[in-house]
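S.K.: You'll find input_38.cif just under this line, and it carries mmCIF, C-alpha atoms.
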```cif
data_upload
loop_
_atom_site.group_PDB
_atom_site.id
_atom_site.type_symbol
_atom_site.label_atom_id
_atom_site.label_comp_id
_atom_site.auth_asym_id
_atom_site.auth_seq_id
_atom_site.Cartn_x
_atom_site.Cartn_y
_atom_site.Cartn_z
ATOM 1 C CA MET A 1 -215.261 -139.174 146.571
ATOM 2 C CA PRO A 2 -213.120 -140.816 143.932
ATOM 3 C CA VAL A 3 -210.306 -139.102 142.080
ATOM 4 C CA GLU A 4 -209.726 -139.411 138.365
ATOM 5 C CA VAL A 5 -206.608 -141.310 137.291
ATOM 6 C CA LYS A 6 -205.409 -140.809 133.717
ATOM 7 C CA LEU A 7 -203.546 -143.754 132.268
ATOM 8 C CA PRO A 8 -200.930 -143.824 129.510
ATOM 9 C CA THR A 9 -201.702 -146.019 126.515
ATOM 10 C CA LEU A 10 -199.466 -148.858 127.663
ATOM 11 C CA LEU A 11 -201.344 -149.280 130.963
ATOM 12 C CA ARG A 12 -204.830 -149.102 129.501
ATOM 13 C CA VAL A 13 -204.598 -152.649 128.313
ATOM 14 C CA HIS A 14 -204.474 -153.612 132.012
ATOM 15 C CA ALA A 15 -207.502 -151.468 132.851
ATOM 16 C CA GLY A 16 -210.065 -152.658 130.361
ATOM 17 C CA GLY A 17 -208.917 -150.150 127.772
ATOM 18 C CA ALA A 18 -210.034 -147.086 129.716
ATOM 19 C CA ALA A 19 -208.087 -143.838 129.267
ATOM 20 C CA SER A 20 -209.082 -142.732 132.734
ATOM 21 C CA VAL A 21 -210.503 -144.534 135.728
ATOM 22 C CA ASP A 22 -211.877 -143.480 139.106
ATOM 23 C CA ALA A 23 -210.262 -144.686 142.315
ATOM 24 C CA ASN A 24 -210.569 -143.935 146.014
ATOM 25 C CA GLY A 25 -207.938 -143.088 148.589
ATOM 26 C CA ALA A 26 -206.498 -140.337 150.758
ATOM 27 C CA THR A 27 -202.988 -140.698 149.322
ATOM 28 C CA ILE A 28 -201.517 -141.694 145.965
ATOM 29 C CA GLY A 29 -200.498 -145.020 147.532
ATOM 30 C CA GLU A 30 -204.075 -145.681 148.636
ATOM 31 C CA VAL A 31 -205.422 -144.685 145.230
ATOM 32 C CA PHE A 32 -202.985 -147.134 143.611
ATOM 33 C CA ALA A 33 -204.030 -149.866 146.053
ATOM 34 C CA ASP A 34 -207.667 -149.283 145.113
ATOM 35 C CA LEU A 35 -206.760 -149.277 141.430
ATOM 36 C CA THR A 36 -204.847 -152.529 141.652
ATOM 37 C CA ALA A 37 -207.701 -154.142 143.590
ATOM 38 C CA LYS A 38 -209.870 -153.397 140.553
ATOM 39 C CA PHE A 39 -207.179 -154.102 137.958
ATOM 40 C CA PRO A 40 -204.605 -156.516 139.452
ATOM 41 C CA ALA A 41 -202.394 -156.449 136.356
ATOM 42 C CA LEU A 42 -201.585 -152.803 137.062
ATOM 43 C CA ALA A 43 -199.889 -153.669 140.360
ATOM 44 C CA THR A 44 -196.409 -154.474 139.069
ATOM 45 C CA ASN A 45 -196.456 -151.431 136.808
ATOM 46 C CA LEU A 46 -197.098 -148.799 139.460
ATOM 47 C CA VAL A 47 -195.124 -149.856 142.508
ATOM 48 C CA ASP A 48 -191.827 -151.755 142.615
ATOM 49 C CA GLU A 49 -190.826 -154.666 144.854
ATOM 50 C CA ASN A 50 -189.667 -152.225 147.546
ATOM 51 C CA GLY A 51 -193.032 -150.513 147.675
ATOM 52 C CA SER A 52 -191.723 -147.385 145.932
ATOM 53 C CA LEU A 53 -193.064 -145.702 142.834
ATOM 54 C CA HIS A 54 -192.020 -147.777 139.825
ATOM 55 C CA LYS A 55 -189.176 -146.216 137.831
ATOM 56 C CA PHE A 56 -191.083 -146.832 134.584
ATOM 57 C CA VAL A 57 -193.734 -144.267 135.459
ATOM 58 C CA ASN A 58 -193.978 -140.687 136.620
ATOM 59 C CA VAL A 59 -197.040 -139.562 138.520
ATOM 60 C CA TYR A 60 -198.549 -136.121 138.762
ATOM 61 C CA ARG A 61 -201.148 -134.786 141.158
ATOM 62 C CA ASN A 62 -202.718 -132.100 138.998
ATOM 63 C CA ASP A 63 -199.616 -130.206 137.738
ATOM 64 C CA ASP A 64 -197.152 -131.438 140.368
ATOM 65 C CA ASP A 65 -194.682 -134.315 140.074
ATOM 66 C CA ILE A 66 -195.271 -136.409 143.204
ATOM 67 C CA ARG A 67 -191.529 -137.206 143.473
ATOM 68 C CA TYR A 68 -191.178 -133.607 144.635
ATOM 69 C CA LEU A 69 -194.141 -133.896 146.978
ATOM 70 C CA GLU A 70 -194.377 -136.918 149.264
ATOM 71 C CA ALA A 71 -194.197 -139.611 146.575
ATOM 72 C CA LEU A 72 -196.752 -142.348 147.339
ATOM 73 C CA ASP A 73 -197.675 -140.588 150.603
ATOM 74 C CA THR A 74 -198.801 -137.498 148.685
ATOM 75 C CA LYS A 75 -202.290 -136.521 149.828
ATOM 76 C CA VAL A 76 -205.131 -136.423 147.345
ATOM 77 C CA ALA A 77 -208.427 -134.644 147.676
ATOM 78 C CA ASP A 78 -211.714 -134.563 145.807
ATOM 79 C CA ASP A 79 -211.361 -133.169 142.296
ATOM 80 C CA ASP A 80 -207.630 -133.901 142.132
ATOM 81 C CA VAL A 81 -206.560 -135.479 138.862
ATOM 82 C CA ILE A 82 -203.787 -138.049 138.978
ATOM 83 C CA SER A 83 -201.833 -138.512 135.749
ATOM 84 C CA ILE A 84 -199.583 -141.509 135.160
ATOM 85 C CA LEU A 85 -196.956 -140.802 132.531
ATOM 86 C CA PRO A 86 -194.446 -143.044 130.798
ATOM 87 C CA ALA A 87 -190.781 -142.463 131.656
ATOM 88 C CA ALA A 88 -189.164 -141.919 128.251
ATOM 89 C CA ALA A 89 -185.411 -142.338 128.286
ATOM 90 C CA GLY A 90 -182.574 -143.924 126.387
ATOM 91 C CA GLY A 91 -179.112 -143.350 125.076
ATOM 92 C CA MET B 92 -206.602 -157.542 115.598
ATOM 93 C CA ALA B 93 -207.772 -160.426 117.746
ATOM 94 C CA SER B 94 -207.265 -159.567 121.380
ATOM 95 C CA ASP B 95 -206.663 -163.228 122.207
ATOM 96 C CA SER B 96 -203.427 -163.029 120.240
ATOM 97 C CA ARG B 97 -201.984 -161.015 123.117
ATOM 98 C CA ARG B 98 -200.347 -162.252 126.249
ATOM 99 C CA HIS B 99 -199.506 -159.834 128.993
ATOM 100 C CA SER B 100 -197.259 -160.167 131.952
ATOM 101 C CA GLY B 101 -196.359 -156.900 133.581
ATOM 102 C CA LEU B 102 -194.721 -154.770 130.934
ATOM 103 C CA THR B 103 -193.763 -157.729 128.786
ATOM 104 C CA PHE B 104 -196.066 -157.933 125.849
ATOM 105 C CA GLU B 105 -196.159 -160.359 123.006
ATOM 106 C CA VAL B 106 -198.112 -158.757 120.230
ATOM 107 C CA PRO B 107 -197.710 -158.948 116.489
ATOM 108 C CA PHE B 108 -195.298 -156.437 115.042
ATOM 109 C CA VAL B 109 -197.401 -153.866 113.267
ATOM 110 C CA GLU B 110 -195.526 -151.412 111.164
ATOM 111 C CA PRO B 111 -197.384 -148.197 110.543
ATOM 112 C CA THR B 112 -195.638 -145.757 108.267
ATOM 113 C CA ILE B 113 -194.844 -142.752 110.443
ATOM 114 C CA ARG B 114 -196.089 -139.715 108.535
ATOM 115 C CA LEU B 115 -194.694 -136.274 109.322
ATOM 116 C CA ASN B 116 -195.043 -132.982 107.541
ATOM 117 C CA LEU B 117 -192.059 -130.847 106.622
ATOM 118 C CA ALA B 118 -192.587 -128.363 109.467
ATOM 119 C CA GLN B 119 -192.616 -131.199 112.020
ATOM 120 C CA TYR B 120 -189.459 -132.698 110.521
ATOM 121 C CA ARG B 121 -187.707 -129.337 110.572
ATOM 122 C CA ALA B 122 -188.756 -128.716 114.185
ATOM 123 C CA MET B 123 -187.286 -132.066 115.232
ATOM 124 C CA VAL B 124 -184.008 -131.555 113.405
ATOM 125 C CA ALA B 125 -183.664 -127.946 114.610
ATOM 126 C CA HIS B 126 -184.228 -129.037 118.217
ATOM 127 C CA CYS B 127 -181.553 -131.724 117.774
ATOM 128 C CA PHE B 128 -179.013 -129.174 116.501
ATOM 129 C CA ASP B 129 -180.016 -126.702 119.209
ATOM 130 C CA GLY B 130 -179.376 -129.365 121.835
ATOM 131 C CA LEU B 131 -175.752 -129.995 120.844
ATOM 132 C CA PRO B 132 -173.445 -131.095 122.342
ATOM 133 C CA HIS B 133 -176.147 -132.996 124.241
ATOM 134 C CA GLU B 134 -178.735 -135.390 122.924
ATOM 135 C CA ALA B 135 -182.095 -133.749 122.312
ATOM 136 C CA CYS B 136 -185.505 -135.352 122.686
ATOM 137 C CA GLY B 137 -189.203 -134.914 122.181
ATOM 138 C CA VAL B 138 -192.554 -136.621 121.985
ATOM 139 C CA LEU B 139 -194.917 -137.528 119.137
ATOM 140 C CA ILE B 140 -198.649 -137.139 119.506
ATOM 141 C CA GLY B 141 -201.281 -138.487 117.182
ATOM 142 C CA PRO B 142 -204.346 -140.692 116.852
ATOM 143 C CA ILE B 143 -204.503 -144.356 117.836
ATOM 144 C CA LYS B 144 -206.776 -147.145 116.674
ATOM 145 C CA ASP B 145 -209.040 -149.302 118.842
ATOM 146 C CA ASP B 146 -206.176 -151.761 119.345
ATOM 147 C CA PHE B 147 -203.962 -148.991 120.831
ATOM 148 C CA GLU B 148 -201.722 -148.948 117.743
ATOM 149 C CA SER B 149 -200.757 -145.577 116.317
ATOM 150 C CA THR B 150 -202.201 -144.904 112.894
ATOM 151 C CA GLY B 151 -198.770 -143.541 111.974
ATOM 152 C CA ASP B 152 -200.160 -140.033 111.570
ATOM 153 C CA ILE B 153 -198.388 -137.474 113.719
ATOM 154 C CA THR B 154 -200.593 -134.567 114.736
ATOM 155 C CA GLU B 155 -197.880 -132.657 116.561
ATOM 156 C CA VAL B 156 -194.214 -133.001 117.384
ATOM 157 C CA GLN B 157 -193.410 -131.770 120.880
ATOM 158 C CA THR B 158 -189.889 -130.657 121.736
ATOM 159 C CA CYS B 159 -188.815 -131.554 125.263
ATOM 160 C CA ARG B 160 -185.855 -130.910 127.541
ATOM 161 C CA ASN B 161 -183.289 -133.650 128.044
ATOM 162 C CA ALA B 162 -183.234 -133.885 131.832
ATOM 163 C CA ASP B 163 -179.921 -135.773 131.622
ATOM 164 C CA GLU B 164 -178.173 -132.884 129.812
ATOM 165 C CA SER B 165 -175.896 -135.545 128.366
ATOM 166 C CA ALA B 166 -174.295 -136.350 125.033
ATOM 167 C CA ARG B 167 -174.764 -140.074 125.726
ATOM 168 C CA THR B 168 -178.220 -140.424 127.280
ATOM 169 C CA TYR B 169 -181.549 -138.673 127.447
ATOM 170 C CA THR B 170 -184.552 -138.580 129.733
ATOM 171 C CA VAL B 171 -187.611 -136.642 128.634
ATOM 172 C CA ASP B 172 -188.203 -133.990 131.296
ATOM 173 C CA ASN B 173 -191.194 -135.033 133.410
ATOM 174 C CA ASP B 174 -192.969 -131.680 133.179
ATOM 175 C CA ASP B 175 -192.525 -131.693 129.398
ATOM 176 C CA MET B 176 -194.044 -135.173 129.187
ATOM 177 C CA LYS B 177 -196.966 -133.965 131.296
ATOM 178 C CA ARG B 178 -197.435 -130.987 128.962
ATOM 179 C CA ALA B 179 -197.325 -133.269 125.926
ATOM 180 C CA MET B 180 -199.934 -135.568 127.438
ATOM 181 C CA ASP B 181 -202.178 -132.615 128.309
ATOM 182 C CA ARG B 182 -201.796 -131.288 124.775
ATOM 183 C CA ALA B 183 -202.667 -134.677 123.322
ATOM 184 C CA LEU B 184 -205.823 -134.863 125.451
ATOM 185 C CA GLU B 185 -206.738 -131.327 124.370
ATOM 186 C CA LEU B 186 -206.480 -132.435 120.731
ATOM 187 C CA GLY B 187 -208.283 -135.724 121.358
ATOM 188 C CA VAL B 188 -205.235 -137.792 120.430
ATOM 189 C CA GLU B 189 -202.503 -139.617 122.350
ATOM 190 C CA VAL B 190 -198.810 -139.583 123.101
ATOM 191 C CA VAL B 191 -197.775 -142.260 120.597
ATOM 192 C CA GLY B 192 -194.000 -142.138 120.688
ATOM 193 C CA GLY B 193 -190.844 -140.190 121.134
ATOM 194 C CA TRP B 194 -187.719 -139.131 119.350
ATOM 195 C CA HIS B 195 -184.174 -138.270 120.286
ATOM 196 C CA SER B 196 -180.855 -137.494 118.681
ATOM 197 C CA HIS B 197 -177.699 -139.527 118.405
ATOM 198 C CA THR B 198 -174.951 -136.954 118.166
ATOM 199 C CA HIS B 199 -172.146 -139.201 116.923
ATOM 200 C CA THR B 200 -173.713 -142.564 116.115
ATOM 201 C CA ASP B 201 -176.123 -143.941 113.534
ATOM 202 C CA ALA B 202 -179.892 -143.562 113.681
ATOM 203 C CA TYR B 203 -180.324 -147.022 115.194
ATOM 204 C CA PRO B 204 -181.490 -147.830 118.738
ATOM 205 C CA SER B 205 -178.617 -148.244 121.185
ATOM 206 C CA ALA B 206 -178.532 -150.983 123.825
ATOM 207 C CA THR B 207 -179.728 -148.340 126.293
ATOM 208 C CA ASP B 208 -182.615 -147.409 123.987
ATOM 209 C CA VAL B 209 -183.724 -151.037 123.784
ATOM 210 C CA GLU B 210 -183.408 -151.539 127.547
ATOM 211 C CA LYS B 211 -185.316 -148.359 128.415
ATOM 212 C CA ALA B 212 -187.980 -149.137 125.814
ATOM 213 C CA MET B 213 -189.359 -151.605 128.373
ATOM 214 C CA ALA B 214 -190.891 -148.642 130.164
ATOM 215 C CA LEU B 215 -192.677 -147.433 127.049
ATOM 216 C CA GLY B 216 -194.569 -150.522 126.066
ATOM 217 C CA PRO B 217 -195.095 -152.171 122.717
ATOM 218 C CA TYR B 218 -197.125 -149.427 121.060
ATOM 219 C CA TRP B 219 -194.476 -146.709 121.352
ATOM 220 C CA LEU B 220 -193.000 -145.298 118.147
ATOM 221 C CA HIS B 221 -189.279 -144.662 118.491
ATOM 222 C CA MET B 222 -187.655 -142.133 116.190
ATOM 223 C CA ILE B 223 -183.955 -141.307 116.097
ATOM 224 C CA VAL B 224 -182.243 -138.375 114.414
ATOM 225 C CA SER B 225 -178.562 -139.037 113.725
ATOM 226 C CA LEU B 226 -176.281 -136.034 113.466
ATOM 227 C CA LYS B 227 -173.266 -138.214 112.690
ATOM 228 C CA GLN B 228 -173.097 -137.175 109.051
ATOM 229 C CA ALA B 229 -173.263 -133.706 107.534
ATOM 230 C CA GLU B 230 -176.942 -134.331 106.694
ATOM 231 C CA PRO B 231 -179.237 -135.468 109.525
ATOM 232 C CA VAL B 232 -180.721 -138.952 109.159
ATOM 233 C CA LEU B 233 -184.173 -139.723 110.630
ATOM 234 C CA ARG B 234 -185.411 -143.286 111.139
ATOM 235 C CA GLY B 235 -188.334 -144.913 112.940
ATOM 236 C CA TYR B 236 -188.595 -148.157 114.921
ATOM 237 C CA ARG B 237 -190.770 -150.447 116.985
ATOM 238 C CA ILE B 238 -189.056 -152.109 119.936
ATOM 239 C CA ARG B 239 -190.920 -155.063 121.397
ATOM 240 C CA GLY B 240 -189.682 -157.660 123.811
ATOM 241 C CA GLY B 241 -186.111 -156.527 123.167
ATOM 242 C CA ARG B 242 -186.583 -156.900 119.418
ATOM 243 C CA THR B 243 -186.136 -153.902 117.130
ATOM 244 C CA GLU B 244 -187.753 -153.459 113.730
ATOM 245 C CA GLU B 245 -187.477 -150.442 111.499
ATOM 246 C CA VAL B 246 -190.671 -148.807 110.290
ATOM 247 C CA ASP B 247 -191.057 -146.541 107.281
ATOM 248 C CA VAL B 248 -190.978 -142.798 107.776
ATOM 249 C CA ASP B 249 -192.661 -140.520 105.251
ATOM 250 C CA VAL B 250 -191.951 -136.803 105.464
ATOM 251 C CA ALA B 251 -194.371 -135.041 103.140
ATOM 252 C CA GLY B 252 -192.542 -132.692 100.809
ATOM 253 C CA LEU B 253 -189.015 -133.820 101.694
#
```
Would you give me this structure, written as structure tokens?
M.R.:
Amino acid sequence: MPVEVKLPTLLRVHAGGAASVDANGATIGEVFADLTAKFPALATNLVDENGSLHKFVNVYRNDDDIRYLEALDTKVADDDVISILPAAAGG
Amino acid sequence: MASDSRRHSGLTFEVPFVEPTIRLNLAQYRAMVAHCFDGLPHEACGVLIGPIKDDFESTGDITEVQTCRNADESARTYTVDNDDMKRAMDRALELGVEVVGGWHSHTHTDAYPSATDVEKAMALGPYWLHMIVSLKQAEPVLRGYRIRGGRTEEVDVDVAGL
């Protein structure tokens, strides 16, 4: 069963304009791998060169920030909703 | 806008500068400024939600101003608290609109994007509306910007009734 992944505006352009897309996987990392197989341009926006979650985005599984769970190893189950949020910061 | 006018490479976009007038009502303006004063001595921040067009550009209309916590708790930098960003995005979806931008205060400098603002704008993409409230003078000063490819351009801000 796929999970729903909600995309912020700036990533939709890489996903055919969709506000949310379905992807498969047992962990966030696997869901992202499935997503980037469908939409290769998303790859560099989700995961950095070290294979960690990209600092430009924050990811939630339902209402939980995955940085406080198991990051990309966080488990996902049917009906979970994954939200990708922009990291807004400055000085 | 012709989609073939766009070139994308990761988060680097080259798109025409479009300058919507950011339109706020007086209550939204007051909420922003009050949150900025409440946040002193630290910078304060928040998020703008409103409708977008088919080309992902904000219409300039702001449906709601969300106040957020500055996770940095700093007078020099801000980071919108992750949970507050999540709440803002959920609220936008509930209203059928989008998170279209953000705002923050400069406690002792002008209402112009700092080098840090321009650098961190990379994460927010080309469609993001940046608003800055300066508390440098006795009267707060609010300005709006687009930041694209490291380039900053001011956009008009219209506060109804101000």
S.K.: Pick from B:Tyr169, B:Tyr236, B:Trp194, B:Tyr203: nearest to Thr112 of chain B, with only C-alpha atoms counted?
M.R.: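 The closest residue to Thr112 of chain B is B:Tyr236.
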S.K.: With chain B as the partner and 10 Å as the cut-off, tabulate the residues of chain A that qualify, each row holding the nearest pair of atoms and their distance in Å to one decimal, using only C-alpha atoms, sorted by chain and rising number, as a tab-separated table.
M.R.:
```
residue	atom	partner	partner_atom	distance
A:Lys6	CA	B:Met180	CA	9.8
A:Pro8	CA	B:Val190	CA	8.0
A:Thr9	CA	B:Phe147	CA	6.8
A:Leu10	CA	B:Gly216	CA	5.4
A:Leu11	CA	B:Gly216	CA	8.5
A:Arg12	CA	B:Phe147	CA	8.7
A:Val13	CA	B:Phe147	CA	8.4
A:His14	CA	B:His99	CA	8.5
A:Gly17	CA	B:Phe147	CA	8.6
A:Ala19	CA	B:Glu189	CA	9.8
A:Ala41	CA	B:Gly101	CA	6.7
A:Leu42	CA	B:Gly101	CA	7.5
A:Ala43	CA	B:Gly101	CA	8.3
A:Thr44	CA	B:Gly101	CA	6.0
A:Asn45	CA	B:Gly101	CA	6.4
A:His54	CA	B:Ala214	CA	9.8
A:Lys55	CA	B:Ala214	CA	8.2
A:Phe56	CA	B:Ala214	CA	4.8
A:Val57	CA	B:Ala214	CA	7.4
A:Asn58	CA	B:Asn173	CA	7.1
A:Val59	CA	B:Asn173	CA	9.0
A:Tyr60	CA	B:Lys177	CA	7.9
A:Asn62	CA	B:Lys177	CA	9.8
A:Asp63	CA	B:Lys177	CA	7.9
A:Asp64	CA	B:Asp174	CA	8.3
A:Asp65	CA	B:Asn173	CA	7.6
A:Ser83	CA	B:Lys177	CA	8.0
A:Ile84	CA	B:Lys177	CA	8.9
A:Leu85	CA	B:Lys177	CA	6.9
A:Pro86	CA	B:Leu215	CA	6.0
A:Ala87	CA	B:Ala214	CA	6.4
A:Ala88	CA	B:Val171	CA	5.5
A:Ala89	CA	B:Thr170	CA	4.1
A:Gly90	CA	B:Asp208	CA	4.2
A:Gly91	CA	B:Thr168	CA	3.8
```
S.K.: Which one is closest to Val76 of chain A: A:Ala37, A:Ala26, A:Leu7, A:Ala18? Count all atoms listed in the file.
M.R.: A:Ala26
S.K.: Quick check on the file I pasted: which residues fall under the PyMOL selection byres ((chain A and resi 70) around 12)? Write them as a PDB file with C-alpha atoms, in the coordinates of the input.
M.R.:
```pdb
ATOM      1  CA  THR A  27    -202.988-140.698 149.322  1.00  0.00           C
ATOM      2  CA  ILE A  28    -201.517-141.694 145.965  1.00  0.00           C
ATOM      3  CA  GLY A  29    -200.498-145.020 147.532  1.00  0.00           C
ATOM      4  CA  SER A  52    -191.723-147.385 145.932  1.00  0.00           C
ATOM      5  CA  LEU A  53    -193.064-145.702 142.834  1.00  0.00           C
ATOM      6  CA  VAL A  59    -197.040-139.562 138.520  1.00  0.00           C
ATOM      7  CA  TYR A  60    -198.549-136.121 138.762  1.00  0.00           C
ATOM      8  CA  ARG A  61    -201.148-134.786 141.158  1.00  0.00           C
ATOM      9  CA  ASP A  64    -197.152-131.438 140.368  1.00  0.00           C
ATOM     10  CA  ASP A  65    -194.682-134.315 140.074  1.00  0.00           C
ATOM     11  CA  ILE A  66    -195.271-136.409 143.204  1.00  0.00           C
ATOM     12  CA  ARG A  67    -191.529-137.206 143.473  1.00  0.00           C
ATOM     13  CA  TYR A  68    -191.178-133.607 144.635  1.00  0.00           C
ATOM     14  CA  LEU A  69    -194.141-133.896 146.978  1.00  0.00           C
ATOM     15  CA  ALA A  71    -194.197-139.611 146.575  1.00  0.00           C
ATOM     16  CA  LEU A  72    -196.752-142.348 147.339  1.00  0.00           C
ATOM     17  CA  ASP A  73    -197.675-140.588 150.603  1.00  0.00           C
ATOM     18  CA  THR A  74    -198.801-137.498 148.685  1.00  0.00           C
ATOM     19  CA  LYS A  75    -202.290-136.521 149.828  1.00  0.00           C
ATOM     20  CA  VAL A  76    -205.131-136.423 147.345  1.00  0.00           C
TER      21      VAL A  76
END
```
S.K.: Could you jot down the atom CA of Pro132 of chain B to atom CA of Ile238 of chain B separation for me, Å, one decimal place?
M.R.: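 Here the two named atoms are 26.3 Å from each other.
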S.K.: Atom CA of Val156 of chain B and atom CA of Leu139 of chain B are how many Å apart?
M.R.: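 Result for atom CA of Val156 of chain B versus atom CA of Leu139 of chain B: 4.9 Å, one decimal.
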S.K.: Just how far from atom CA of Val5 of chain A is atom CA of Ala33 of chain A, in Å to one decimal?
M.R.: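 Atom CA of Val5 of chain A lies at a distance of 12.5 Å from atom CA of Ala33 of chain A.
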S.K.: Taking 5 positions as the minimum chain separation for residues in the same chain, which residues sit within 6 Å of Val188 of chain B when counting all atoms listed in the file? Answer as a list in words.
M.R.: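 That gives Gly141, Pro142 and Ala183 of chain B.
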S.K.: Considering all atoms listed in the file, can you say which of A:Met1, A:Ile82, A:Glu49, A:Ala77 comes closest to Val21 of chain A?
M.R.: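 The answer is A:Ile82, which sits nearest to Val21 of chain A.
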S.K.: Nearest residue to Asp152 of chain B out of B:Leu184, B:Ile113, B:Val224, B:Val248, using only C-alpha atoms?
M.R.: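 Closest candidate: B:Ile113.
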